[in-house]
file protein16.tsv (TSV, C-alpha atoms and all ligand atoms)
chain	number	residue	atom	x	y	z
A	1	MET	CA	18.05	9.58	19.04
A	2	ARG	CA	15.47	11.73	17.22
A	3	ILE	CA	12.28	10.00	16.08
A	4	LYS	CA	10.01	11.77	13.63
A	5	PHE	CA	6.34	10.82	13.48
A	6	THR	CA	6.66	10.31	9.73
A	7	ASN	CA	9.35	11.11	7.23
A	8	LEU	CA	7.51	11.37	3.93
A	9	TYR	CA	10.66	11.70	1.83
A	10	LYS	CA	12.14	8.52	3.30
A	11	LEU	CA	8.88	6.71	2.56
A	12	ILE	CA	9.21	7.12	-1.22
A	13	PRO	CA	10.20	3.77	-2.75
A	14	GLU	CA	12.04	3.54	-6.08
A	15	LYS	CA	12.74	7.29	-6.14
A	16	LYS	CA	14.61	7.13	-9.47
A	17	ASN	CA	11.77	5.28	-11.16
A	18	ILE	CA	9.15	7.72	-9.85
A	19	PHE	CA	11.14	10.81	-10.84
A	20	PHE	CA	11.76	9.31	-14.30
A	21	LYS	CA	8.04	8.67	-14.76
A	22	ILE	CA	7.09	12.17	-13.65
A	23	ASN	CA	9.68	13.64	-15.99
A	24	SER	CA	8.39	11.71	-18.97
A	25	LEU	CA	4.76	12.66	-18.22
A	26	ILE	CA	5.79	16.31	-18.05
A	27	LYS	CA	7.62	15.97	-21.37
A	28	LYS	CA	4.50	14.40	-22.90
A	29	SER	CA	2.32	17.04	-21.18
A	30	GLN	CA	0.09	14.23	-19.95
A	31	PHE	CA	-1.42	15.80	-16.83
A	32	VAL	CA	-5.06	14.67	-16.70
A	33	GLY	CA	-6.41	11.20	-17.47
A	34	GLY	CA	-4.57	8.77	-19.74
A	35	LYS	CA	-2.94	5.37	-19.31
A	36	GLU	CA	-1.49	5.88	-15.80
A	37	VAL	CA	-4.91	6.71	-14.35
A	38	LYS	CA	-6.61	3.75	-16.06
A	39	LYS	CA	-3.77	1.48	-14.97
A	40	PHE	CA	-4.07	2.60	-11.37
A	41	GLU	CA	-7.83	2.05	-11.30
A	42	LYS	CA	-7.34	-1.47	-12.64
A	43	SER	CA	-4.49	-2.32	-10.28
A	44	PHE	CA	-6.21	-0.88	-7.24
A	45	SER	CA	-9.52	-2.67	-7.89
A	46	ASN	CA	-7.49	-5.89	-8.34
A	47	TYR	CA	-5.58	-5.29	-5.13
A	48	VAL	CA	-8.77	-4.66	-3.16
A	49	GLY	CA	-10.77	-7.36	-4.92
A	50	ALA	CA	-13.59	-5.10	-6.15
A	51	LYS	CA	-15.07	-5.05	-9.64
A	52	TYR	CA	-14.71	-1.32	-10.13
A	53	CYS	CA	-12.52	1.56	-8.97
A	54	VAL	CA	-13.16	5.24	-9.70
A	55	SER	CA	-10.12	7.39	-8.93
A	56	LEU	CA	-10.91	10.82	-7.51
A	57	GLY	CA	-9.41	14.08	-6.31
A	58	ASN	CA	-9.23	13.16	-2.61
A	59	GLY	CA	-10.78	10.98	0.08
A	60	THR	CA	-13.33	13.63	1.08
A	61	ASP	CA	-14.67	13.80	-2.49
A	62	ALA	CA	-14.73	9.99	-2.52
A	63	LEU	CA	-17.07	10.04	0.48
A	64	GLU	CA	-19.23	12.85	-0.94
A	65	ILE	CA	-19.51	11.21	-4.34
A	66	ALA	CA	-20.18	7.81	-2.77
A	67	VAL	CA	-23.06	9.22	-0.71
A	68	ASN	CA	-24.35	11.20	-3.71
A	69	SER	CA	-24.35	8.08	-5.90
A	70	LEU	CA	-26.87	6.38	-3.58
A	71	ASN	CA	-29.56	9.00	-4.34
A	72	LEU	CA	-30.97	9.00	-0.82
A	73	LYS	CA	-34.03	11.06	0.06
A	74	LYS	CA	-33.26	14.46	1.61
A	75	GLY	CA	-33.21	14.28	5.41
A	76	SER	CA	-32.59	10.50	5.58
A	77	GLU	CA	-30.62	9.47	8.64
A	78	VAL	CA	-27.00	8.39	8.31
A	79	ILE	CA	-25.22	6.71	11.22
A	80	LEU	CA	-21.48	7.17	11.65
A	81	PRO	CA	-18.96	6.85	14.49
A	82	VAL	CA	-18.09	9.98	16.41
A	83	ASN	CA	-14.34	9.33	16.36
A	84	THR	CA	-13.32	9.94	12.76
A	85	TRP	CA	-11.83	12.62	10.56
A	86	ILE	CA	-14.33	15.41	9.83
A	87	SER	CA	-14.82	14.33	6.18
A	88	THR	CA	-17.05	11.36	7.04
A	89	ALA	CA	-19.58	13.75	8.60
A	90	GLU	CA	-19.11	16.48	5.98
A	91	ALA	CA	-20.18	14.05	3.26
A	92	VAL	CA	-23.49	13.55	5.08
A	93	LEU	CA	-24.23	17.26	5.42
A	94	SER	CA	-23.15	18.19	1.90
A	95	ASN	CA	-25.67	15.65	0.61
A	96	ASN	CA	-28.50	17.18	2.70
A	97	LEU	CA	-28.78	14.15	4.94
A	98	LYS	CA	-29.00	13.94	8.72
A	99	ILE	CA	-26.04	12.95	10.89
A	100	VAL	CA	-26.65	10.42	13.67
A	101	PHE	CA	-23.51	9.99	15.76
A	102	CYS	CA	-22.70	6.61	17.25
A	103	ASP	CA	-20.35	5.66	20.07
A	104	VAL	CA	-17.08	3.75	19.47
A	105	ASN	CA	-15.78	0.52	20.95
A	106	LEU	CA	-12.56	0.87	22.88
A	107	ASP	CA	-10.91	-2.34	21.65
A	108	ASP	CA	-10.18	-1.13	18.14
A	109	TYR	CA	-11.93	2.32	18.09
A	110	SER	CA	-14.44	1.29	15.44
A	111	ILE	CA	-18.21	1.94	15.62
A	112	CYS	CA	-19.90	0.48	18.73
A	113	LEU	CA	-22.28	-2.22	17.48
A	114	LYS	CA	-24.43	-2.06	20.62
A	115	ASP	CA	-25.04	1.66	20.16
A	116	LEU	CA	-25.49	1.20	16.41
A	117	LYS	CA	-28.25	-1.34	17.02
A	118	LYS	CA	-30.06	1.19	19.23
A	119	LYS	CA	-29.78	3.95	16.65
A	120	ILE	CA	-31.08	2.10	13.61
A	121	ASN	CA	-34.68	3.14	12.94
A	122	LYS	CA	-37.15	3.59	10.07
A	123	LYS	CA	-35.44	6.75	8.84
A	124	THR	CA	-31.97	5.17	8.70
A	125	ARG	CA	-30.84	4.79	5.09
A	126	LEU	CA	-27.07	4.56	5.42
A	127	VAL	CA	-24.38	3.42	7.86
A	128	MET	CA	-20.81	4.70	7.38
A	129	PRO	CA	-18.36	2.62	9.43
A	130	VAL	CA	-14.79	3.91	9.48
A	131	HIS	CA	-11.85	1.51	9.58
A	132	LEU	CA	-10.05	3.95	11.83
A	133	TYR	CA	-6.28	3.65	12.30
A	134	GLY	CA	-6.49	0.81	9.74
A	135	ASN	CA	-8.34	-1.49	12.16
A	136	PRO	CA	-11.11	-3.38	10.34
A	137	THR	CA	-14.63	-2.72	11.61
A	138	ASN	CA	-16.83	-5.80	11.97
A	139	ILE	CA	-18.86	-5.18	8.79
A	140	PRO	CA	-20.29	-8.74	8.58
A	141	GLU	CA	-21.97	-8.06	11.94
A	142	ILE	CA	-23.27	-4.67	10.73
A	143	LYS	CA	-24.72	-6.41	7.67
A	144	LYS	CA	-26.64	-8.72	10.00
A	145	LEU	CA	-28.03	-5.71	11.90
A	146	ILE	CA	-29.38	-4.03	8.76
A	147	LYS	CA	-30.60	-7.16	6.97
A	148	ASN	CA	-33.86	-6.57	5.00
A	149	LYS	CA	-33.96	-2.94	6.14
A	150	ASN	CA	-33.09	-1.07	2.93
A	151	ILE	CA	-30.02	0.46	4.54
A	152	LYS	CA	-26.78	0.95	2.58
A	153	ILE	CA	-23.19	0.76	3.81
A	154	ILE	CA	-20.30	3.02	2.77
A	155	GLU	CA	-17.03	1.92	4.36
A	156	ASP	CA	-14.60	4.76	4.99
A	157	CYS	CA	-11.26	3.05	4.25
A	158	ALA	CA	-9.22	6.27	4.09
A	159	GLN	CA	-6.76	4.79	6.61
A	160	ALA	CA	-7.18	1.13	5.75
A	161	HIS	CA	-5.37	0.22	2.50
A	162	GLY	CA	-4.55	-3.46	2.87
A	163	ALA	CA	-6.78	-4.02	5.93
A	164	ARG	CA	-8.68	-7.28	5.73
A	165	ILE	CA	-11.43	-9.17	7.53
A	166	LYS	CA	-10.13	-12.71	7.33
A	167	ARG	CA	-8.85	-12.60	3.74
A	168	LYS	CA	-11.32	-10.12	2.29
A	169	HIS	CA	-10.26	-6.50	1.87
A	170	VAL	CA	-12.26	-3.84	3.72
A	171	GLY	CA	-14.36	-1.67	1.41
A	172	THR	CA	-15.73	-4.71	-0.42
A	173	PHE	CA	-18.32	-5.79	2.17
A	174	GLY	CA	-20.68	-2.82	1.91
A	175	ASP	CA	-22.03	-1.02	-1.17
A	176	ILE	CA	-19.03	1.27	-1.57
A	177	GLY	CA	-15.55	1.61	-0.06
A	178	THR	CA	-13.78	4.98	-0.13
A	179	PHE	CA	-10.03	5.63	0.09
A	180	SER	CA	-7.67	8.58	0.52
A	181	PHE	CA	-4.19	8.84	-0.95
A	182	PHE	CA	-3.26	11.96	1.03
A	183	PRO	CA	0.58	12.00	1.30
A	184	GLY	CA	0.59	10.93	4.97
A	185	LYS	CA	-1.58	7.87	4.34
A	186	ASN	CA	0.01	4.38	4.14
A	187	LEU	CA	-0.48	4.53	0.37
A	188	GLY	CA	0.11	8.23	-0.24
A	189	ALA	CA	0.52	10.29	-3.40
A	190	PHE	CA	2.62	13.45	-3.90
A	191	GLY	CA	-0.50	15.53	-3.26
A	192	ASP	CA	-4.20	14.85	-2.82
A	193	GLY	CA	-5.83	11.74	-4.21
A	194	GLY	CA	-8.73	9.41	-3.52
A	195	ALA	CA	-10.86	6.62	-4.94
A	196	LEU	CA	-14.01	4.64	-4.44
A	197	VAL	CA	-14.46	0.95	-5.08
A	198	THR	CA	-17.71	-0.91	-5.68
A	199	ASN	CA	-19.13	-4.07	-7.21
A	200	SER	CA	-22.18	-2.23	-8.54
A	201	SER	CA	-22.06	-1.19	-12.20
A	202	LYS	CA	-24.82	1.36	-11.49
A	203	ILE	CA	-22.81	3.10	-8.75
A	204	TYR	CA	-19.67	2.85	-10.89
A	205	ASN	CA	-21.21	4.48	-13.94
A	206	LEU	CA	-22.90	7.22	-11.93
A	207	SER	CA	-19.68	7.97	-10.02
A	208	LEU	CA	-17.74	8.29	-13.29
A	209	ARG	CA	-20.15	11.07	-14.27
A	210	LEU	CA	-20.30	12.64	-10.81
A	211	ARG	CA	-16.52	13.16	-10.83
A	212	ASN	CA	-16.47	14.74	-14.26
A	213	HIS	CA	-19.22	17.36	-14.75
A	214	GLY	CA	-21.90	14.74	-15.34
A	215	ALA	CA	-20.03	13.49	-18.41
A	216	LYS	CA	-18.26	10.23	-19.30
A	217	LEU	CA	-17.08	11.45	-22.69
A	218	LYS	CA	-16.22	14.98	-23.71
A	219	TYR	CA	-19.37	17.19	-23.84
A	220	ASP	CA	-21.61	14.26	-22.94
A	221	HIS	CA	-23.09	15.97	-19.83
A	222	LYS	CA	-26.16	14.24	-18.43
A	223	PHE	CA	-26.42	16.43	-15.31
A	224	SER	CA	-24.50	19.05	-13.40
A	225	GLY	CA	-21.63	17.31	-11.56
A	226	ARG	CA	-18.22	18.47	-10.36
A	227	ASN	CA	-14.53	18.09	-11.16
A	228	SER	CA	-12.78	15.57	-8.93
A	229	ARG	CA	-10.23	13.56	-10.90
A	230	LEU	CA	-7.03	11.89	-9.70
A	231	ASP	CA	-4.41	13.63	-11.81
A	232	THR	CA	-1.96	11.68	-13.96
A	233	LEU	CA	1.19	12.46	-11.96
A	234	GLN	CA	-0.44	11.21	-8.75
A	235	ALA	CA	-1.63	8.05	-10.52
A	236	ALA	CA	1.93	7.43	-11.76
A	237	VAL	CA	3.33	7.78	-8.22
A	238	LEU	CA	0.64	5.46	-6.84
A	239	ASN	CA	1.28	2.86	-9.55
A	240	VAL	CA	4.89	2.56	-8.39
A	241	LYS	CA	4.00	2.58	-4.69
A	242	LEU	CA	1.22	0.01	-5.01
A	243	LYS	CA	3.67	-2.57	-6.40
A	244	SER	CA	5.56	-2.79	-3.11
A	245	TYR	CA	2.65	-1.99	-0.82
A	246	LYS	CA	2.36	-5.51	0.59
A	247	GLU	CA	5.79	-5.06	2.17
A	248	VAL	CA	4.59	-1.84	3.80
A	249	ILE	CA	1.77	-3.68	5.58
A	250	LYS	CA	4.11	-6.46	6.69
A	251	LYS	CA	6.65	-4.07	8.19
A	252	ARG	CA	3.99	-2.06	10.02
A	253	ALA	CA	2.54	-5.27	11.48
A	254	LYS	CA	5.99	-6.26	12.77
A	255	LEU	CA	6.47	-2.89	14.44
A	256	ALA	CA	2.98	-3.07	15.98
A	257	LYS	CA	3.84	-6.49	17.37
A	258	LEU	CA	6.95	-5.06	18.98
A	259	TYR	CA	4.95	-2.18	20.50
A	260	ASN	CA	2.48	-4.71	21.92
A	261	LYS	CA	5.22	-6.88	23.34
A	262	ASN	CA	7.08	-4.01	24.98
A	263	LEU	CA	4.03	-2.18	26.34
A	264	SER	CA	1.75	-5.02	27.38
A	265	ASN	CA	3.06	-5.12	30.95
A	266	ILE	CA	2.35	-1.45	31.68
A	267	LYS	CA	-1.01	-1.51	33.38
A	268	ASN	CA	-1.67	2.21	32.79
A	269	ILE	CA	-1.77	1.67	29.03
A	270	LYS	CA	-4.65	0.27	27.01
A	271	LEU	CA	-3.52	-1.31	23.75
A	272	PHE	CA	-5.56	-2.28	20.68
A	273	LYS	CA	-7.45	-5.56	21.09
A	274	LEU	CA	-7.72	-6.82	17.54
A	275	VAL	CA	-9.31	-9.92	16.02
A	276	LYS	CA	-6.43	-12.32	15.26
A	277	LYS	CA	-7.68	-13.48	11.87
A	278	ASN	CA	-8.03	-9.91	10.61
A	279	THR	CA	-5.31	-7.66	9.21
A	280	SER	CA	-4.90	-4.06	10.34
A	281	SER	CA	-2.99	-1.68	8.09
A	282	PHE	CA	-1.61	-0.06	11.27
A	283	HIS	CA	-1.94	3.39	9.79
A	284	GLN	CA	-1.71	4.61	13.37
A	285	PHE	CA	-0.61	2.86	16.54
A	286	VAL	CA	-2.79	4.41	19.23
A	287	ILE	CA	-2.59	3.82	22.97
A	288	ARG	CA	-4.95	5.07	25.68
A	289	VAL	CA	-3.87	6.37	29.07
A	290	ASN	CA	-5.55	8.23	31.94
A	291	ILE	CA	-6.61	11.81	31.23
A	292	ASP	CA	-4.18	13.21	33.82
A	293	LYS	CA	-1.25	11.35	32.18
A	294	ARG	CA	-1.74	11.90	28.46
A	295	ASP	CA	-0.37	15.43	28.03
A	296	LYS	CA	2.46	14.72	30.46
A	297	LEU	CA	3.43	11.60	28.52
A	298	LYS	CA	3.33	13.54	25.25
A	299	LYS	CA	5.61	16.22	26.71
A	300	TYR	CA	8.00	13.64	28.15
A	301	LEU	CA	8.35	11.95	24.78
A	302	GLN	CA	8.80	15.32	23.08
A	303	LYS	CA	11.58	16.17	25.55
A	304	ASN	CA	13.23	12.93	24.48
A	305	ASN	CA	12.95	13.89	20.78
A	306	ILE	CA	10.05	11.54	20.03
A	307	GLU	CA	7.22	13.04	17.97
A	308	THR	CA	3.68	11.86	18.69
A	309	MET	CA	0.25	12.98	17.48
A	310	ILE	CA	-3.40	12.86	18.57
A	311	HIS	CA	-6.02	11.31	16.27
A	312	TYR	CA	-8.21	13.10	17.09
A	313	PRO	CA	-8.17	15.65	19.94
A	314	TYR	CA	-12.00	16.04	19.78
A	315	MET	CA	-14.93	13.80	19.03
A	316	LEU	CA	-17.09	15.15	16.18
A	317	ASN	CA	-20.07	15.76	18.52
A	318	GLU	CA	-17.86	18.23	20.38
A	319	LEU	CA	-17.61	20.49	17.30
A	320	ASN	CA	-20.36	23.08	17.66
A	321	PHE	CA	-21.61	22.90	14.06
A	322	PHE	CA	-22.37	19.16	14.33
A	323	PRO	CA	-25.17	17.57	16.40
A	324	ASN	CA	-24.27	17.68	20.08
A	325	THR	CA	-25.13	14.01	20.68
A	326	LYS	CA	-25.17	13.06	24.36
A	327	ASN	CA	-24.76	9.68	26.08
A	328	LEU	CA	-21.79	8.51	24.06
A	329	LYS	CA	-20.16	7.05	27.14
A	330	LYS	CA	-17.16	5.28	25.69
A	331	SER	CA	-16.01	8.11	23.48
A	332	LYS	CA	-16.55	10.79	26.14
A	333	SER	CA	-13.27	12.71	26.53
A	334	LEU	CA	-11.54	10.08	24.38
A	335	GLY	CA	-9.60	12.82	22.56
A	336	LYS	CA	-7.86	13.62	25.85
A	337	LYS	CA	-6.79	10.02	26.54
A	338	ILE	CA	-5.37	8.80	23.24
A	339	ILE	CA	-1.92	9.27	21.79
A	340	SER	CA	-0.57	8.05	18.44
A	341	LEU	CA	2.99	6.68	18.52
A	342	PRO	CA	5.37	6.77	15.54
A	343	ILE	CA	4.85	3.88	13.12
A	344	SER	CA	5.78	3.56	9.46
A	345	GLU	CA	7.71	1.18	7.24
A	346	GLU	CA	10.75	3.45	7.56
A	347	HIS	CA	10.90	3.19	11.34
A	348	SER	CA	13.39	0.67	12.69
A	349	PHE	CA	12.95	-1.86	15.50
A	350	LYS	CA	15.65	0.06	17.36
A	351	GLU	CA	13.56	3.22	17.16
A	352	ILE	CA	10.41	1.49	18.43
A	353	ASN	CA	12.42	-0.03	21.30
A	354	TYR	CA	13.65	3.46	22.15
A	355	VAL	CA	10.07	4.84	22.16
A	356	THR	CA	8.80	2.07	24.43
A	357	LYS	CA	11.81	2.44	26.75
A	358	LYS	CA	10.96	6.10	27.22
A	359	ILE	CA	7.27	5.26	27.84
A	360	GLN	CA	8.28	2.68	30.48
A	361	GLU	CA	10.56	5.27	32.05
A	362	PHE	CA	7.73	7.81	32.16
A	363	PHE	CA	5.35	5.48	34.00
A	364	LYS	CA	8.06	4.34	36.41
A	365	ASN	CA	8.88	7.94	37.28
A	366	SER	CA	5.24	8.93	37.59
A	367	GLN	CA	4.68	6.23	40.22
A	368	LYS	CA	7.37	7.67	42.46
Z	401	LIG	C1	-11.07	8.52	8.16
Z	401	LIG	C2	-10.85	9.53	7.06
Z	401	LIG	N1	-11.85	9.78	6.20
Z	401	LIG	C3	-11.69	10.65	5.19
Z	401	LIG	C4	-10.50	11.32	4.99
Z	401	LIG	C5	-10.42	12.34	3.91
Z	401	LIG	O1	-9.41	12.12	2.99
Z	401	LIG	P1	-8.72	13.34	2.21
Z	401	LIG	O2	-7.83	14.06	3.16
Z	401	LIG	O3	-7.98	12.67	1.10
Z	401	LIG	O4	-9.80	14.22	1.70
Z	401	LIG	C6	-9.43	11.08	5.85
Z	401	LIG	C7	-8.16	11.78	5.68
Z	401	LIG	O5	-7.54	12.21	6.61
Z	401	LIG	C8	-9.60	10.15	6.92
Z	401	LIG	O6	-8.61	9.89	7.77
call {"tool": "encode", "arguments": {"input": "protein16.tsv", "output": "structure tokens", "more": "lines below"}}
Ligand SMILES: Cc1ncc(COP(=O)(O)O)c(C=O)c1O
result
Amino acid sequence: MRIKFTNLYKLIPEKKNIFFKINSLIKKSQFVGGKEVKKFEKSFSNYVGAKYCVSLGNGTDALEIAVNSLNLKKGSEVILPVNTWISTAEAVLSNNLKIVFCDVNLDDYSICLKDLKKKINKKTRLVMPVHLYGNPTNIPEIKKLIKNKNIKIIEDCAQAHGARIKRKHVGTFGDIGTFSFFPGKNLGAFGDGGALVTNSSKIYNLSLRLRNHGAKLKYDHKFSGRNSRLDTLQAAVLNVKLKSYKEVIKKRAKLAKLYNKNLSNIKNIKLFKLVKKNTSSFHQFVIRVNIDKRDKLKKYLQKNNIETMIHYPYMLNELNFFPNTKNLKKSKSLGKKIISLPISEEHSFKEINYVTKKIQEFFKNSQK
């Protein structure tokens, strides 16, 4: 059996419908803006339960524009977890703000609330929790920590479409939620794409201008902005995919349950410990093993035709152009202990059983 990490072609639902839509948009030469984009913004804000959605060029721009829309004073401190994709930190630097890295908790890999509490000070103006791997961060608790402190929250939901805290979608607790529709994401386009959601009409209106040269209407520039629009073809693809997205989340949850069942008796493996009432989007299924075992396990799975990945092989404080924050005990060397196993709505139960069988085999052999 050969198990790919993801098979993007297989993941396309309603292929005929999507190709028909793309064809008709090409015939109409409708490439930027228009009905499909407006429809997606409306459907996505409905799905998430936010008042407004601004579709954008990609998830990195969504973060940058979100931070920009808050108009924070130059040099203000922004706290973010150290285990995230580089974009979360880039958005801080590109807005001339100061990065403060925070440790992660090892149950679900979200920001460590204990460390966060220590790092909040008078200069803190923004916290950027990341719902990494699709696991919801405890934002209600973060809101308690920053109460009456004039500190904003931007939730990085790039991996968390459909993730919920109780019944409420992530990205709607803080001031802004940002999303990525990169092809490999649970809700992925046929190229780059992103969005921000908010309940604030002020942030919404400013973000509309920030994404389009400072203008809402043609030639109505109020300041110098940028070009970061979700193009029409991507919006059309996302409109089709969003319709059946609930099924995607359900299938991923079932596969995650199977992983948990099959791996829970291997004492060398640490699994996610998630809050039962919450919903993870299971963008990644990540396990943690001892440093001396991780690369060997990866190789063993590879030898058995099972693709795995590492998200991420480094913590951001280990990159030499970011602050070299010390004393982040839990995330120290984390990039050498974690391994992401294949999970997607196109994977079968049989495939997941095969993966876990090979993992069990590996640990049995390594005890000999
Ligand atoms: C946590 C996180 N934030 C931000 C991004 C950036 O999204 P994009 O690749 O669409 O720019 C990603 C994408 O990988 C991500 O995983």
call {"tool": "residues_around", "arguments": {"input": "protein16.tsv", "residues": "stretch 325-335 of chain A", "least_positions_apart": "5", "cutoff": "10 Å", "atoms": "all atoms listed in the file", "output": "list of chain:residue names"}}
result
A:Pro81, A:Val82, A:Asn83, A:Ile99, A:Val100, A:Phe101, A:Cys102, A:Asp103, A:Val104, A:Asn105, A:Leu106, A:Tyr109, A:Cys112, A:Asp115, A:Arg288, A:Val289, A:Asn290, A:Ile291, A:Arg294, A:Ile310, A:His311, A:Tyr312, A:Pro313, A:Tyr314, A:Met315, A:Leu316, A:Asn317, A:Glu318
call {"tool": "residues_around", "arguments": {"input": "protein16.tsv", "residues": "A:Ile176", "least_positions_apart": "5", "cutoff": "7 Å", "atoms": "all atoms listed in the file", "output": "PyMOL selection string"}}
result
chain A and resi 66+153-155+171+196-198
call {"tool": "closest_atom_pairs", "arguments": {"input": "protein16.tsv", "of": "chain A", "to": "ligand LIG 401 (chain Z)", "cutoff": "10 Å", "atoms": "only C-alpha atoms and all ligand atoms", "output": "CSV"}}
result
residue,atom,partner,partner_atom,distance
A:Leu56,CA,Z:LIG401,O3,9.3
A:Gly57,CA,Z:LIG401,O3,7.7
A:Asn58,CA,Z:LIG401,O3,3.9
A:Gly59,CA,Z:LIG401,O1,3.4
A:Thr60,CA,Z:LIG401,O4,3.6
A:Asp61,CA,Z:LIG401,O4,6.4
A:Ala62,CA,Z:LIG401,O4,7.7
A:Leu63,CA,Z:LIG401,C3,7.2
A:Glu64,CA,Z:LIG401,O4,9.9
A:Asn83,CA,Z:LIG401,C1,8.9
A:Thr84,CA,Z:LIG401,C1,5.3
A:Trp85,CA,Z:LIG401,C2,4.8
A:Ile86,CA,Z:LIG401,N1,7.1
A:Ser87,CA,Z:LIG401,C3,4.9
A:Thr88,CA,Z:LIG401,N1,5.5
A:Ala89,CA,Z:LIG401,N1,9.0
A:Glu90,CA,Z:LIG401,C3,9.5
A:Ala91,CA,Z:LIG401,C3,9.3
A:Pro129,CA,Z:LIG401,C1,9.5
A:Val130,CA,Z:LIG401,C1,6.1
A:His131,CA,Z:LIG401,C1,7.2
A:Leu132,CA,Z:LIG401,C1,5.9
A:Tyr133,CA,Z:LIG401,C1,8.0
A:Gly134,CA,Z:LIG401,C1,9.1
A:Glu155,CA,Z:LIG401,N1,9.6
A:Asp156,CA,Z:LIG401,N1,5.9
A:Cys157,CA,Z:LIG401,C1,6.7
A:Ala158,CA,Z:LIG401,C2,4.7
A:Gln159,CA,Z:LIG401,O6,5.5
A:Ala160,CA,Z:LIG401,C1,8.7
A:Thr178,CA,Z:LIG401,C3,8.1
A:Phe179,CA,Z:LIG401,O1,7.1
A:Ser180,CA,Z:LIG401,O3,4.1
A:Phe181,CA,Z:LIG401,O3,5.8
A:Phe182,CA,Z:LIG401,O3,4.8
A:Pro183,CA,Z:LIG401,O3,8.6
A:Gly184,CA,Z:LIG401,O5,8.4
A:Lys185,CA,Z:LIG401,O5,7.7
A:Gly188,CA,Z:LIG401,O3,9.3
A:Ala189,CA,Z:LIG401,O3,9.9
A:Gly191,CA,Z:LIG401,O3,9.1
A:Asp192,CA,Z:LIG401,O3,5.9
A:Gly193,CA,Z:LIG401,O3,5.8
A:Gly194,CA,Z:LIG401,O3,5.7
A:Ala195,CA,Z:LIG401,O3,9.0
A:His283,CA,Z:LIG401,O6,9.5
A:His311,CA,Z:LIG401,O6,9.0
A:Tyr312,CA,Z:LIG401,O6,9.9
call {"tool": "residues_around", "arguments": {"input": "protein16.tsv", "residues": "A:Ser366", "least_positions_apart": "6", "cutoff": "12 Å", "atoms": "only C-alpha atoms", "output": "MDAnalysis selection string"}}
result
chainID A and resid 268 292:294 296:297 300 359:360
call {"tool": "closest_residue", "arguments": {"input": "protein16.tsv", "among": "A:Cys53, A:Phe173, A:Gly33, A:Asn324", "to": "A:Leu217", "atoms": "only C-alpha atoms"}}
result
A:Gly33
call {"tool": "decode", "arguments": {"input": "protein16.tsv", "residues": "stretch 103-142 of chain A", "atoms": "C-alpha atoms", "output": "mmCIF file, in the first residue's frame"}}
result
data_model
loop_
_atom_site.group_PDB
_atom_site.id
_atom_site.type_symbol
_atom_site.label_atom_id
_atom_site.label_comp_id
_atom_site.auth_asym_id
_atom_site.auth_seq_id
_atom_site.Cartn_x
_atom_site.Cartn_y
_atom_site.Cartn_z
ATOM 1 C CA ASP A 103 5.931 29.082 24.699
ATOM 2 C CA VAL A 104 3.358 26.472 23.596
ATOM 3 C CA ASN A 105 1.346 23.962 25.589
ATOM 4 C CA LEU A 106 2.009 20.362 24.690
ATOM 5 C CA ASP A 107 -1.597 19.145 24.882
ATOM 6 C CA ASP A 108 -2.788 20.826 21.710
ATOM 7 C CA TYR A 109 0.302 22.905 20.681
ATOM 8 C CA SER A 110 -1.467 26.237 21.151
ATOM 9 C CA ILE A 111 -0.015 29.241 23.020
ATOM 10 C CA CYS A 112 0.961 28.496 26.651
ATOM 11 C CA LEU A 113 -1.367 30.583 28.829
ATOM 12 C CA LYS A 114 1.017 30.511 31.794
ATOM 13 C CA ASP A 115 3.844 31.979 29.732
ATOM 14 C CA LEU A 116 1.447 34.414 28.053
ATOM 15 C CA LYS A 117 0.386 35.757 31.439
ATOM 16 C CA LYS A 118 4.043 36.409 32.308
ATOM 17 C CA LYS A 119 4.714 38.203 29.044
ATOM 18 C CA ILE A 120 1.812 40.634 29.066
ATOM 19 C CA ASN A 121 3.049 44.080 30.125
ATOM 20 C CA LYS A 122 2.318 47.785 29.585
ATOM 21 C CA LYS A 123 3.751 47.746 26.068
ATOM 22 C CA THR A 124 1.657 44.771 24.920
ATOM 23 C CA ARG A 125 -0.945 45.891 22.382
ATOM 24 C CA LEU A 126 -1.767 42.666 20.562
ATOM 25 C CA VAL A 127 -1.883 38.907 21.117
ATOM 26 C CA MET A 128 -1.921 36.602 18.078
ATOM 27 C CA PRO A 129 -2.959 33.074 19.085
ATOM 28 C CA VAL A 130 -2.683 30.459 16.338
ATOM 29 C CA HIS A 131 -5.187 27.608 16.111
ATOM 30 C CA LEU A 132 -2.369 25.358 15.004
ATOM 31 C CA TYR A 133 -3.172 22.040 13.305
ATOM 32 C CA GLY A 134 -6.826 23.136 13.568
ATOM 33 C CA ASN A 135 -6.873 22.761 17.363
ATOM 34 C CA PRO A 136 -8.800 25.640 18.962
ATOM 35 C CA THR A 137 -6.772 27.823 21.324
ATOM 36 C CA ASN A 138 -8.530 28.764 24.563
ATOM 37 C CA ILE A 139 -9.397 32.333 23.492
ATOM 38 C CA PRO A 140 -12.026 32.904 26.238
ATOM 39 C CA GLU A 141 -9.209 32.421 28.774
ATOM 40 C CA ILE A 142 -6.917 34.810 26.844
#
